[in-house]
file run.csv (CSV, C-alpha atoms)
chain,number,residue,atom,x,y,z
A,16,MET,CA,-5.8,9.2,-14.6
A,17,HIS,CA,-5.0,5.6,-13.7
A,18,SER,CA,-5.3,3.8,-17.0
A,19,SER,CA,-7.4,1.0,-15.4
A,20,THR,CA,-9.6,3.8,-13.9
A,21,ALA,CA,-10.1,5.4,-17.3
A,22,ALA,CA,-11.1,2.0,-18.9
A,23,ALA,CA,-13.4,1.3,-16.0
A,24,ALA,CA,-14.9,4.8,-16.3
A,25,ALA,CA,-15.8,4.0,-19.9
A,26,PHE,CA,-17.5,0.9,-18.6
A,27,LEU,CA,-19.4,2.8,-15.9
A,28,THR,CA,-20.3,5.9,-17.9
A,29,PRO,CA,-20.7,4.9,-21.6
A,30,THR,CA,-21.9,8.3,-22.8
A,31,ALA,CA,-20.5,11.0,-25.1
A,32,ALA,CA,-19.7,13.2,-22.1
A,33,ALA,CA,-17.4,10.6,-20.5
A,34,PRO,CA,-14.3,11.5,-22.5
A,35,ASN,CA,-14.5,15.1,-21.5
A,36,ARG,CA,-14.9,14.2,-17.9
A,37,LEU,CA,-11.9,11.9,-18.1
A,38,LEU,CA,-9.8,14.7,-19.5
A,39,GLN,CA,-10.9,17.0,-16.6
A,40,VAL,CA,-9.7,14.5,-14.0
A,41,ARG,CA,-6.2,13.8,-15.3
A,42,ARG,CA,-3.6,14.3,-12.6
A,43,ALA,CA,-1.6,17.5,-12.7
A,44,ARG,CA,2.1,17.4,-12.1
A,45,LEU,CA,3.4,20.0,-9.7
A,46,PHE,CA,7.1,19.3,-10.1
A,47,ALA,CA,9.4,17.4,-12.3
A,48,VAL,CA,11.5,15.4,-9.9
A,49,ARG,CA,14.7,14.0,-11.6
A,50,ALA,CA,16.4,11.2,-9.9
A,51,VAL,CA,17.4,7.6,-10.5
A,52,ALA,CA,15.0,5.0,-9.2
A,53,SER,CA,16.3,1.9,-7.5
A,54,PRO,CA,16.5,-1.2,-9.6
A,55,PRO,CA,13.6,-3.7,-9.3
A,56,ALA,CA,14.1,-6.3,-6.6
A,57,SER,CA,14.5,-9.9,-7.5
A,58,LYS,CA,11.8,-12.5,-7.1
A,59,PRO,CA,11.4,-14.4,-3.8
A,60,ALA,CA,13.0,-17.6,-5.3
A,61,SER,CA,16.4,-15.9,-5.6
A,62,SER,CA,16.3,-13.7,-2.5
A,63,PRO,CA,19.3,-13.8,-0.1
A,64,TYR,CA,17.2,-13.0,3.0
A,65,LYS,CA,14.9,-15.2,4.9
A,66,THR,CA,11.5,-15.8,3.4
A,67,GLY,CA,8.6,-17.8,4.7
A,68,LYS,CA,4.8,-18.5,4.5
A,69,TRP,CA,2.4,-17.9,7.4
A,70,GLN,CA,-1.0,-19.5,7.4
A,71,TRP,CA,-3.9,-17.2,8.0
A,72,THR,CA,-7.3,-18.8,8.4
A,73,PHE,CA,-10.3,-16.8,7.4
A,74,GLU,CA,-13.9,-18.2,7.1
A,75,ASP,CA,-12.4,-21.7,7.6
A,76,LYS,CA,-10.1,-21.2,4.6
A,77,PRO,CA,-6.3,-21.6,5.1
A,78,ILE,CA,-4.5,-18.9,3.2
A,79,SER,CA,-0.7,-18.9,2.7
A,80,VAL,CA,0.8,-15.5,3.3
A,81,TYR,CA,4.2,-14.6,2.0
A,82,TYR,CA,6.7,-12.7,4.1
A,83,GLU,CA,10.4,-11.7,4.2
A,84,GLU,CA,12.7,-11.0,7.2
A,85,HIS,CA,15.5,-8.5,6.9
A,86,GLU,CA,18.0,-8.4,9.8
A,87,GLN,CA,21.6,-7.5,10.3
A,88,GLY,CA,21.9,-8.7,14.0
A,89,THR,CA,24.7,-6.5,15.3
A,90,ALA,CA,23.0,-4.1,17.8
A,91,ALA,CA,22.2,-5.2,21.3
A,92,ASN,CA,18.9,-3.4,21.4
A,93,VAL,CA,16.7,-4.3,18.4
A,94,LYS,CA,13.3,-2.9,17.5
A,95,ASN,CA,11.0,-4.8,15.2
A,96,ILE,CA,9.4,-3.2,12.2
A,97,LEU,CA,6.4,-4.6,10.2
A,98,MET,CA,6.3,-3.2,6.7
A,99,ILE,CA,3.1,-3.6,4.7
A,100,PRO,CA,2.8,-2.8,1.0
A,101,THR,CA,0.5,-0.2,-0.5
A,102,ILE,CA,-2.7,-1.9,-1.6
A,103,SER,CA,-3.0,-1.7,-5.4
A,104,ASP,CA,-3.4,-3.9,-8.5
A,105,VAL,CA,0.3,-4.8,-8.4
A,106,SER,CA,1.0,-4.7,-4.6
A,107,THR,CA,4.2,-6.5,-3.6
A,108,VAL,CA,6.7,-6.8,-0.8
A,109,GLU,CA,9.3,-5.7,-3.4
A,110,GLU,CA,8.4,-2.0,-2.9
A,111,TRP,CA,9.9,-2.1,0.7
A,112,ARG,CA,13.0,-4.1,0.2
A,113,VAL,CA,15.5,-1.3,-0.4
A,114,VAL,CA,14.1,0.7,2.6
A,115,ALA,CA,14.3,-2.4,4.8
A,116,LYS,CA,17.8,-3.1,3.8
A,117,ASP,CA,18.9,0.5,4.4
A,118,ILE,CA,17.5,0.7,7.9
A,119,VAL,CA,18.6,-2.7,9.2
A,120,THR,CA,22.2,-2.2,8.0
A,121,ARG,CA,22.7,1.1,9.7
A,122,LYS,CA,25.1,1.0,12.6
A,123,GLY,CA,24.2,2.3,16.1
A,124,GLU,CA,23.3,1.4,19.6
A,125,LEU,CA,19.7,0.9,18.5
A,126,GLY,CA,19.1,-1.6,15.7
A,127,TYR,CA,16.2,-2.7,13.6
A,128,ARG,CA,14.7,-6.0,12.2
A,129,ALA,CA,12.2,-5.6,9.4
A,130,THR,CA,9.5,-8.0,8.3
A,131,ILE,CA,7.7,-7.3,5.0
A,132,VAL,CA,4.4,-9.1,4.5
A,133,ASP,CA,2.2,-9.5,1.4
A,134,TRP,CA,-1.5,-8.9,1.8
A,135,PRO,CA,-3.8,-11.9,1.2
A,136,GLY,CA,-4.9,-11.8,-2.4
A,137,LEU,CA,-1.9,-9.8,-3.5
A,138,GLY,CA,1.9,-10.1,-4.1
A,139,TYR,CA,3.2,-13.7,-3.5
A,140,SER,CA,0.5,-14.6,-1.1
A,141,ASP,CA,-2.5,-16.9,-1.9
A,142,ARG,CA,-5.3,-15.2,-3.8
A,143,PRO,CA,-8.6,-17.0,-2.9
A,144,SER,CA,-12.0,-15.7,-4.0
A,145,LEU,CA,-12.9,-13.9,-0.7
A,146,ASN,CA,-15.4,-11.1,-0.5
A,147,TYR,CA,-12.5,-8.6,0.1
A,148,ASN,CA,-13.3,-5.3,1.9
A,149,ALA,CA,-11.6,-3.0,4.4
A,150,ASP,CA,-12.8,-5.1,7.3
A,151,VAL,CA,-11.3,-8.3,5.9
A,152,MET,CA,-7.9,-6.6,5.4
A,153,GLU,CA,-8.1,-5.1,8.9
A,154,ASN,CA,-8.9,-8.5,10.3
A,155,PHE,CA,-5.8,-10.0,8.6
A,156,LEU,CA,-3.6,-7.3,9.9
A,157,VAL,CA,-4.9,-7.7,13.5
A,158,GLU,CA,-4.4,-11.4,13.5
A,159,LEU,CA,-1.0,-11.1,11.9
A,160,ILE,CA,0.2,-8.9,14.7
A,161,ASN,CA,-1.6,-10.6,17.5
A,162,SER,CA,-1.2,-14.3,16.6
A,163,PRO,CA,1.4,-16.2,18.7
A,164,ASN,CA,2.7,-18.0,15.6
A,165,SER,CA,3.0,-15.1,13.2
A,166,PRO,CA,6.3,-13.9,11.8
A,167,VAL,CA,6.2,-10.8,14.1
A,168,ALA,CA,5.0,-12.6,17.2
A,169,ASP,CA,8.3,-12.1,19.2
A,170,SER,CA,8.1,-8.3,19.1
A,171,ASP,CA,7.5,-8.0,22.9
A,172,GLY,CA,4.9,-5.4,22.4
A,173,GLU,CA,7.3,-3.1,20.6
A,174,LEU,CA,6.2,-3.5,17.0
A,175,ILE,CA,6.6,-0.5,14.7
A,176,VAL,CA,4.1,-0.6,11.8
A,177,VAL,CA,5.0,1.0,8.5
A,178,GLY,CA,2.6,1.1,5.6
A,179,GLY,CA,1.9,2.8,2.4
A,180,GLY,CA,-1.4,4.1,0.8
A,181,HIS,CA,-4.5,2.3,2.0
A,182,ALA,CA,-2.4,-0.1,4.1
A,183,ALA,CA,-1.2,2.8,6.3
A,184,THR,CA,-4.8,4.0,6.9
A,185,ILE,CA,-6.0,0.5,7.7
A,186,ALA,CA,-3.2,0.2,10.3
A,187,VAL,CA,-4.1,3.5,11.8
A,188,ARG,CA,-7.8,2.5,11.9
A,189,ALA,CA,-7.0,-0.8,13.7
A,190,ALA,CA,-4.7,1.1,16.2
A,191,GLY,CA,-7.5,3.6,16.9
A,192,LYS,CA,-9.9,0.8,17.7
A,193,GLY,CA,-7.3,-0.7,20.1
A,194,LEU,CA,-7.1,-3.9,18.0
A,195,ILE,CA,-3.4,-3.5,17.6
A,196,LYS,CA,-1.0,-1.7,19.9
A,197,PRO,CA,2.0,-0.5,17.8
A,198,SER,CA,4.9,1.3,19.5
A,199,ALA,CA,5.0,3.7,16.5
A,200,VAL,CA,3.3,4.1,13.1
A,201,ALA,CA,4.6,5.5,9.8
A,202,ALA,CA,2.1,6.3,7.1
A,203,VAL,CA,3.8,6.7,3.7
A,204,ALA,CA,1.7,8.5,1.1
A,205,PRO,CA,-1.5,7.5,3.0
A,206,THR,CA,-4.7,7.2,1.0
A,207,TRP,CA,-8.3,6.3,1.8
A,208,ALA,CA,-10.3,6.5,-1.5
A,209,GLY,CA,-10.0,3.9,-4.3
A,210,PRO,CA,-9.3,4.8,-7.9
A,211,LEU,CA,-12.9,5.1,-9.0
A,212,PRO,CA,-14.5,6.7,-5.8
A,213,ILE,CA,-11.8,9.4,-5.6
A,214,VAL,CA,-12.7,10.5,-9.2
A,215,PHE,CA,-16.4,9.8,-9.4
A,216,GLY,CA,-17.6,10.0,-5.8
A,217,ARG,CA,-19.9,7.7,-3.9
A,218,GLY,CA,-23.4,8.6,-5.0
A,219,SER,CA,-26.0,5.9,-5.0
A,220,ASP,CA,-26.0,5.7,-8.8
A,221,MET,CA,-22.2,5.3,-8.8
A,222,GLU,CA,-22.2,2.7,-6.1
A,223,THR,CA,-24.6,0.7,-8.2
A,224,ARG,CA,-22.3,0.9,-11.2
A,225,TYR,CA,-19.3,0.0,-9.0
A,226,GLY,CA,-21.2,-3.1,-7.9
A,227,LEU,CA,-21.8,-4.1,-11.5
A,228,LEU,CA,-18.2,-3.7,-12.4
A,229,ARG,CA,-17.1,-5.6,-9.4
A,230,GLY,CA,-19.4,-8.4,-10.1
A,231,THR,CA,-18.2,-8.6,-13.7
A,232,LEU,CA,-14.6,-8.7,-12.6
A,233,ARG,CA,-15.2,-11.5,-10.2
A,234,ALA,CA,-17.2,-13.6,-12.7
A,235,PRO,CA,-15.7,-16.7,-14.4
A,236,ALA,CA,-14.4,-16.2,-17.9
A,237,ILE,CA,-15.7,-12.7,-18.5
A,238,GLY,CA,-14.1,-11.6,-15.3
A,239,TRP,CA,-10.6,-12.5,-16.6
A,240,MET,CA,-11.4,-10.9,-19.9
A,241,MET,CA,-12.3,-7.6,-18.2
A,242,TYR,CA,-9.4,-7.9,-15.8
A,243,ASN,CA,-7.0,-8.3,-18.8
A,244,VAL,CA,-8.4,-5.1,-20.3
A,245,LEU,CA,-8.3,-3.0,-17.1
A,246,VAL,CA,-5.3,-4.3,-15.3
A,247,SER,CA,-3.4,-7.3,-16.6
A,248,ASN,CA,-1.5,-5.9,-19.6
A,249,GLU,CA,1.9,-4.2,-19.8
A,250,LYS,CA,0.6,-1.1,-21.5
A,251,SER,CA,-1.9,-0.4,-18.7
A,252,ILE,CA,0.7,-1.0,-16.0
A,253,GLN,CA,3.2,1.2,-17.7
A,254,SER,CA,0.6,3.9,-18.1
A,255,GLN,CA,-0.4,3.9,-14.4
A,256,TYR,CA,3.3,3.9,-13.3
A,257,LYS,CA,4.2,6.8,-15.5
A,258,SER,CA,1.1,8.9,-14.8
A,259,HIS,CA,0.8,8.7,-11.0
A,260,VAL,CA,2.6,5.8,-9.3
A,261,TYR,CA,6.1,7.2,-10.0
A,262,ALA,CA,6.9,10.9,-10.2
A,263,ASN,CA,9.6,10.6,-12.9
A,264,PRO,CA,8.5,8.5,-15.9
A,265,GLU,CA,12.1,7.9,-16.7
A,266,ASN,CA,12.4,5.8,-13.6
A,267,VAL,CA,9.8,3.3,-15.0
A,268,THR,CA,12.0,0.6,-16.4
A,269,PRO,CA,11.0,-2.5,-18.5
A,270,ASP,CA,12.1,-4.7,-15.7
A,271,ILE,CA,9.6,-3.1,-13.3
A,272,ILE,CA,6.8,-3.4,-15.7
A,273,GLU,CA,7.6,-7.1,-16.5
A,274,SER,CA,7.8,-7.9,-12.7
A,275,ARG,CA,4.4,-6.2,-12.0
A,276,TYR,CA,2.8,-7.8,-15.1
A,277,GLU,CA,3.8,-11.2,-13.8
A,278,LEU,CA,2.0,-10.6,-10.5
A,279,THR,CA,-1.2,-9.9,-12.4
A,280,LYS,CA,-1.1,-13.3,-14.0
A,281,ARG,CA,-1.1,-15.2,-10.7
A,282,LYS,CA,-4.1,-17.4,-10.0
A,283,GLY,CA,-6.9,-15.4,-8.4
A,284,ALA,CA,-5.2,-12.1,-9.2
A,285,ARG,CA,-8.4,-10.2,-10.1
A,286,PHE,CA,-10.3,-10.5,-6.8
A,287,VAL,CA,-8.6,-7.9,-4.7
A,288,PRO,CA,-8.2,-5.4,-7.6
A,289,ALA,CA,-12.0,-5.7,-8.2
A,290,ALA,CA,-12.6,-4.6,-4.6
A,291,PHE,CA,-9.8,-1.9,-4.6
A,292,LEU,CA,-10.8,-0.3,-7.9
A,293,THR,CA,-14.5,0.1,-6.8
A,294,GLY,CA,-13.8,1.3,-3.2
A,295,LEU,CA,-14.6,-1.7,-1.1
A,296,LEU,CA,-11.1,-1.5,0.5
A,297,ASP,CA,-11.5,2.1,1.5
A,298,PRO,CA,-11.1,2.3,5.3
A,299,VAL,CA,-13.2,5.5,5.6
A,300,GLN,CA,-15.7,7.3,3.5
A,301,SER,CA,-14.7,10.9,3.9
A,302,ARG,CA,-11.9,13.3,4.8
A,303,GLU,CA,-13.5,14.0,8.2
A,304,GLU,CA,-13.4,10.3,9.0
A,305,PHE,CA,-9.8,10.1,7.7
A,306,LEU,CA,-8.7,12.9,10.1
A,307,GLU,CA,-10.6,11.3,13.0
A,308,LEU,CA,-8.6,8.0,12.6
A,309,PHE,CA,-5.4,9.9,13.3
A,310,ALA,CA,-7.0,12.0,16.1
A,311,LYS,CA,-7.9,8.8,17.9
A,312,LEU,CA,-4.2,8.1,18.4
A,313,ASP,CA,-3.7,11.4,20.1
A,314,GLY,CA,-2.9,10.8,23.8
A,315,ASP,CA,-2.1,7.2,23.3
A,316,MET,CA,1.7,7.9,23.3
A,317,ILE,CA,2.0,6.4,19.8
A,318,PRO,CA,4.4,8.4,17.7
A,319,VAL,CA,2.9,8.9,14.2
A,320,LEU,CA,4.9,9.9,11.1
A,321,VAL,CA,3.2,11.0,7.9
A,322,VAL,CA,5.3,11.0,4.8
A,323,SER,CA,3.7,13.0,2.0
A,324,THR,CA,5.1,13.4,-1.5
A,325,LEU,CA,5.9,16.2,-3.9
A,326,ASN,CA,4.2,14.7,-6.9
A,327,SER,CA,1.2,12.8,-5.7
A,328,PRO,CA,-1.9,13.1,-7.9
A,329,ARG,CA,-3.9,16.3,-7.0
A,330,ARG,CA,-6.7,14.6,-5.1
A,331,SER,CA,-4.5,12.2,-3.2
A,332,LYS,CA,-2.0,15.0,-2.3
A,333,ALA,CA,-4.9,17.1,-0.9
A,334,GLU,CA,-5.8,14.2,1.5
A,335,MET,CA,-2.2,13.9,2.6
A,336,GLU,CA,-1.8,17.6,3.1
A,337,VAL,CA,-4.7,17.8,5.6
A,338,LEU,CA,-2.6,15.7,8.0
A,339,LYS,CA,0.0,18.4,8.3
A,340,GLY,CA,-0.4,19.6,11.9
A,341,ALA,CA,-3.4,17.3,12.4
A,342,LYS,CA,-4.3,15.9,15.8
A,343,GLY,CA,-2.5,12.6,16.4
A,344,VAL,CA,0.3,13.3,13.9
A,345,THR,CA,3.6,13.6,15.6
A,346,LYS,CA,5.7,14.5,12.5
A,347,PHE,CA,4.9,15.4,8.9
A,348,VAL,CA,7.5,15.3,6.2
A,349,GLU,CA,7.6,15.5,2.4
A,350,VAL,CA,9.8,13.5,0.0
A,351,PRO,CA,10.2,13.2,-3.7
A,352,GLY,CA,7.8,10.8,-5.4
A,353,ALA,CA,4.1,10.2,-6.1
A,354,LEU,CA,2.1,7.2,-4.8
A,355,LEU,CA,5.0,4.8,-4.3
A,356,PRO,CA,7.9,6.8,-3.0
A,357,GLN,CA,9.3,3.8,-1.0
A,358,GLU,CA,10.0,2.1,-4.3
A,359,GLU,CA,11.0,5.1,-6.5
A,360,TYR,CA,13.0,7.0,-3.9
A,361,PRO,CA,13.6,4.4,-1.2
A,362,LEU,CA,16.7,6.1,0.3
A,363,ALA,CA,14.8,9.3,0.9
A,364,VAL,CA,12.0,7.4,2.6
A,365,ALA,CA,14.5,5.3,4.6
A,366,GLU,CA,16.2,8.5,5.8
A,367,GLU,CA,13.0,10.1,7.1
A,368,LEU,CA,11.8,6.8,8.7
A,369,TYR,CA,15.2,6.2,10.4
A,370,ASP,CA,15.3,9.8,11.8
A,371,PHE,CA,11.8,9.4,13.1
A,372,LEU,CA,12.5,6.1,14.8
A,373,GLN,CA,15.7,7.5,16.3
A,374,GLU,CA,13.8,10.5,17.7
A,375,SER,CA,11.1,8.3,19.0
A,376,PHE,CA,13.1,5.5,20.6
A,377,SER,CA,16.7,6.6,21.2
A,378,SER,CA,15.8,8.3,24.5
A,379,ARG,CA,14.1,5.2,25.9
A,380,LYS,CA,16.5,2.4,24.9
call {"tool": "encode", "arguments": {"input": "run.csv", "output": "structure tokens"}}
result
Amino acid sequence: MHSSTAAAAAFLTPTAAAPNRLLQVRRARLFAVRAVASPPASKPASSPYKTGKWQWTFEDKPISVYYEEHEQGTAANVKNILMIPTISDVSTVEEWRVVAKDIVTRKGELGYRATIVDWPGLGYSDRPSLNYNADVMENFLVELINSPNSPVADSDGELIVVGGGHAATIAVRAAGKGLIKPSAVAAVAPTWAGPLPIVFGRGSDMETRYGLLRGTLRAPAIGWMMYNVLVSNEKSIQSQYKSHVYANPENVTPDIIESRYELTKRKGARFVPAAFLTGLLDPVQSREEFLELFAKLDGDMIPVLVVSTLNSPRRSKAEMEVLKGAKGVTKFVEVPGALLPQEEYPLAVAEELYDFLQESFSSRK
């Protein structure tokens, strides 16, 4: 189990039976994938690529959003890719850097430009005390893609959207509503249920307890104390990476843990995790709704790639597997990894993504 989920579970279910239940829901490992993870990426200050800040205004509050642009600039015909990080306690643009570099540096008649954008409240973006939920995140994504001054504004209606986890599902939801019109979508290890709801469900009694925990995390003083216990400590981050974020514990290096720990110490860092942990960022409430999101894209001529992983936690993997052959899914593949394959096995993800894009666009250059 996610270490912060386990700690939160103790807060939510302070009974003698709780430890037994926690043992029952530990993630099973199906395979032991042995490979070398990519080294952690450097911080924005020392990055060799173009970085910038885009101002998103929400409820009359200006919010500075961090982004990076990766481009080689050799092909005559260039497609634009928006890469959005997996929503989590330690979400960051860093998880997509190696994938972006690999794709944009490939030689061919068809080239690619990649823009990686941090979510508001996460990564290197501002972290104001908003009432974060799935609708707020969807609103951000829609405005990012559609605003004339955004970093992906010059995509000429040919923007490819690539996302991991909840980010992928929020993008599919927005596309299904017609709020964004991507030329293709790639969902990498897509998820729809937050750490607590996927384990304990959404009964009215649990929703009440989620609300209590969320309110505690958002509160001054005690909120930071609780956040430090659940999320912002190196032991917790290392535990979650080794248990289910990465497939191979040996790929979890001290540099990765230090980098992610630093992110949890940024001002306002606890607000999005409070929403994510308790299910407020879940874009749907059931597997049936999850399938329906993808089905809505069927017939829209939007190619959709789903990338599942060999070692995802049992519950998360089950939700990915239902997309195999599902309506609206153009291609389904499986790569090594768990919940963050784009960071642990970036070259495997890049290869599948590149092949999908070539198949989708090379015939209509």
call {"tool": "closest_residue", "arguments": {"input": "run.csv", "among": "A:Ile96, A:Val350, A:Ala115, A:Val157", "to": "Val203 (chain A)", "atoms": "only C-alpha atoms"}}
result
A:Val350
call {"tool": "atom_distance", "arguments": {"input": "run.csv", "atom1": "CA of Asp150 (chain A)", "atom2": "CA of Ala290 (chain A)"}}
result
11.9 Å
call {"tool": "closest_residue", "arguments": {"input": "run.csv", "among": "A:Val108, A:Ala365, A:Val113, A:Val177", "to": "Val132 (chain A)", "atoms": "only C-alpha atoms"}}
result
A:Val108
call {"tool": "atom_distance", "arguments": {"input": "run.csv", "atom1": "CA of Glu83 (chain A)", "atom2": "CA of Pro264 (chain A)"}}
result
28.6 Å
call {"tool": "residues_around", "arguments": {"input": "run.csv", "residues": "Phe309 (chain A)", "least_positions_apart": "2", "cutoff": "12 Å", "atoms": "all atoms listed in the file", "output": "ChimeraX atom specification"}}
result
/A:183-192,200-202,205,299,302-307,311-315,317-321,335,337-345
call {"tool": "atom_distance", "arguments": {"input": "run.csv", "atom1": "CA of Leu228 (chain A)", "atom2": "CA of Val105 (chain A)"}}
result
19.0 Å
call {"tool": "residues_around", "arguments": {"input": "run.csv", "residues": "Thr107 (chain A)", "least_positions_apart": "3", "cutoff": "10 Å", "atoms": "all atoms listed in the file", "output": "PDB file with C-alpha atoms, keeping the file's coordinate frame"}}
result
ATOM      1  CA  TYR A  81       4.200 -14.600   2.000  1.00  0.00           C
ATOM      2  CA  ILE A  99       3.100  -3.600   4.700  1.00  0.00           C
ATOM      3  CA  PRO A 100       2.800  -2.800   1.000  1.00  0.00           C
ATOM      4  CA  THR A 101       0.500  -0.200  -0.500  1.00  0.00           C
ATOM      5  CA  ILE A 102      -2.700  -1.900  -1.600  1.00  0.00           C
ATOM      6  CA  SER A 103      -3.000  -1.700  -5.400  1.00  0.00           C
ATOM      7  CA  ASP A 104      -3.400  -3.900  -8.500  1.00  0.00           C
ATOM      8  CA  GLU A 110       8.400  -2.000  -2.900  1.00  0.00           C
ATOM      9  CA  TRP A 111       9.900  -2.100   0.700  1.00  0.00           C
ATOM     10  CA  ARG A 112      13.000  -4.100   0.200  1.00  0.00           C
ATOM     11  CA  ILE A 131       7.700  -7.300   5.000  1.00  0.00           C
ATOM     12  CA  VAL A 132       4.400  -9.100   4.500  1.00  0.00           C
ATOM     13  CA  ASP A 133       2.200  -9.500   1.400  1.00  0.00           C
ATOM     14  CA  TRP A 134      -1.500  -8.900   1.800  1.00  0.00           C
ATOM     15  CA  LEU A 137      -1.900  -9.800  -3.500  1.00  0.00           C
ATOM     16  CA  GLY A 138       1.900 -10.100  -4.100  1.00  0.00           C
ATOM     17  CA  TYR A 139       3.200 -13.700  -3.500  1.00  0.00           C
ATOM     18  CA  SER A 140       0.500 -14.600  -1.100  1.00  0.00           C
ATOM     19  CA  SER A 274       7.800  -7.900 -12.700  1.00  0.00           C
ATOM     20  CA  ARG A 275       4.400  -6.200 -12.000  1.00  0.00           C
ATOM     21  CA  LEU A 278       2.000 -10.600 -10.500  1.00  0.00           C
TER      22      LEU A 278
END
call {"tool": "closest_residue", "arguments": {"input": "run.csv", "among": "A:Arg281, A:Val93, A:Ser165, A:Ala204", "to": "Ala333 (chain A)", "atoms": "all atoms listed in the file"}}
result
A:Ala204
call {"tool": "residues_around", "arguments": {"input": "run.csv", "residues": "Glu367 (chain A)", "least_positions_apart": "2", "cutoff": "10 Å", "atoms": "all atoms listed in the file", "output": "PDB file with C-alpha atoms, in the coordinates of the input"}}
result
ATOM      1  CA  ALA A 201       4.600   5.500   9.800  1.00  0.00           C
ATOM      2  CA  LEU A 320       4.900   9.900  11.100  1.00  0.00           C
ATOM      3  CA  VAL A 321       3.200  11.000   7.900  1.00  0.00           C
ATOM      4  CA  VAL A 322       5.300  11.000   4.800  1.00  0.00           C
ATOM      5  CA  PHE A 347       4.900  15.400   8.900  1.00  0.00           C
ATOM      6  CA  VAL A 348       7.500  15.300   6.200  1.00  0.00           C
ATOM      7  CA  GLU A 349       7.600  15.500   2.400  1.00  0.00           C
ATOM      8  CA  VAL A 350       9.800  13.500   0.000  1.00  0.00           C
ATOM      9  CA  LEU A 362      16.700   6.100   0.300  1.00  0.00           C
ATOM     10  CA  ALA A 363      14.800   9.300   0.900  1.00  0.00           C
ATOM     11  CA  VAL A 364      12.000   7.400   2.600  1.00  0.00           C
ATOM     12  CA  ALA A 365      14.500   5.300   4.600  1.00  0.00           C
ATOM     13  CA  TYR A 369      15.200   6.200  10.400  1.00  0.00           C
ATOM     14  CA  ASP A 370      15.300   9.800  11.800  1.00  0.00           C
ATOM     15  CA  PHE A 371      11.800   9.400  13.100  1.00  0.00           C
ATOM     16  CA  LEU A 372      12.500   6.100  14.800  1.00  0.00           C
ATOM     17  CA  GLN A 373      15.700   7.500  16.300  1.00  0.00           C
TER      18      GLN A 373
END
call {"tool": "closest_residue", "arguments": {"input": "run.csv", "among": "A:Asn92, A:Thr130, A:Ser79, A:Thr72", "to": "Asn154 (chain A)", "atoms": "all atoms listed in the file"}}
result
A:Thr72
call {"tool": "closest_residue", "arguments": {"input": "run.csv", "among": "A:Leu145, A:Val176, A:Leu368, A:Leu295", "to": "Val114 (chain A)", "atoms": "only C-alpha atoms"}}
result
A:Leu368
call {"tool": "residues_near_point", "arguments": {"input": "run.csv", "point": "(15.3, -0.9, 18.1)", "cutoff": "7 Å", "atoms": "all atoms listed in the file", "output": "list of chain:residue names"}}
result
A:Asn92, A:Val93, A:Lys94, A:Asn95, A:Leu125, A:Gly126, A:Tyr127
call {"tool": "residues_around", "arguments": {"input": "run.csv", "residues": "Tyr225 (chain A)", "least_positions_apart": "4", "cutoff": "7 Å", "atoms": "all atoms listed in the file", "output": "VMD selection string"}}
result
chain A and resid 221 229 293
call {"tool": "closest_residue", "arguments": {"input": "run.csv", "among": "A:Ile271, A:Pro212, A:Phe291, A:Ala262", "to": "Val246 (chain A)", "atoms": "all atoms listed in the file"}}
result
A:Phe291
call {"tool": "residues_around", "arguments": {"input": "run.csv", "residues": "Leu159 (chain A)", "least_positions_apart": "5", "cutoff": "9 Å", "atoms": "only C-alpha atoms", "output": "ChimeraX atom specification"}}
result
/A:69,71,154,164-168
call {"tool": "write_last_selection", "arguments": {"input": "run.csv", "atoms": "C-alpha atoms", "output": "PDB file, in the coordinates of the input"}}
result
ATOM      1  CA  TRP A  69       2.400 -17.900   7.400  1.00  0.00           C
ATOM      2  CA  TRP A  71      -3.900 -17.200   8.000  1.00  0.00           C
ATOM      3  CA  ASN A 154      -8.900  -8.500  10.300  1.00  0.00           C
ATOM      4  CA  ASN A 164       2.700 -18.000  15.600  1.00  0.00           C
ATOM      5  CA  SER A 165       3.000 -15.100  13.200  1.00  0.00           C
ATOM      6  CA  PRO A 166       6.300 -13.900  11.800  1.00  0.00           C
ATOM      7  CA  VAL A 167       6.200 -10.800  14.100  1.00  0.00           C
ATOM      8  CA  ALA A 168       5.000 -12.600  17.200  1.00  0.00           C
TER       9      ALA A 168
END
call {"tool": "residues_near_point", "arguments": {"input": "run.csv", "point": "(-2.4, 13.2, -3.5)", "cutoff": "12 Å", "atoms": "all atoms listed in the file", "output": "PyMOL selection string"}}
result
chain A and resi 42-45+180+203-208+210+213+259-260+262+322-338+349+352-355
call {"tool": "decode", "arguments": {"input": "run.csv", "residues": "region 153-158 of chain A", "atoms": "N, CA and C atoms", "output": "CSV table (one decimal), in the first residue's frame"}}
result
chain,number,residue,atom,x,y,z
A,153,GLU,N,-9.5,20.0,-14.8
A,153,GLU,CA,-10.0,20.0,-16.2
A,153,GLU,C,-10.1,21.4,-16.8
A,154,ASN,N,-10.5,22.3,-16.0
A,154,ASN,CA,-10.6,23.7,-16.4
A,154,ASN,C,-9.2,24.3,-16.8
A,155,PHE,N,-8.3,23.9,-16.0
A,155,PHE,CA,-6.9,24.4,-16.2
A,155,PHE,C,-6.4,23.8,-17.6
A,156,LEU,N,-6.6,22.5,-17.8
A,156,LEU,CA,-6.1,21.9,-19.0
A,156,LEU,C,-6.8,22.5,-20.2
A,157,VAL,N,-8.1,22.7,-20.2
A,157,VAL,CA,-8.9,23.3,-21.3
A,157,VAL,C,-8.3,24.7,-21.6
A,158,GLU,N,-8.1,25.5,-20.6
A,158,GLU,CA,-7.7,26.9,-20.8
A,158,GLU,C,-6.2,26.9,-21.3
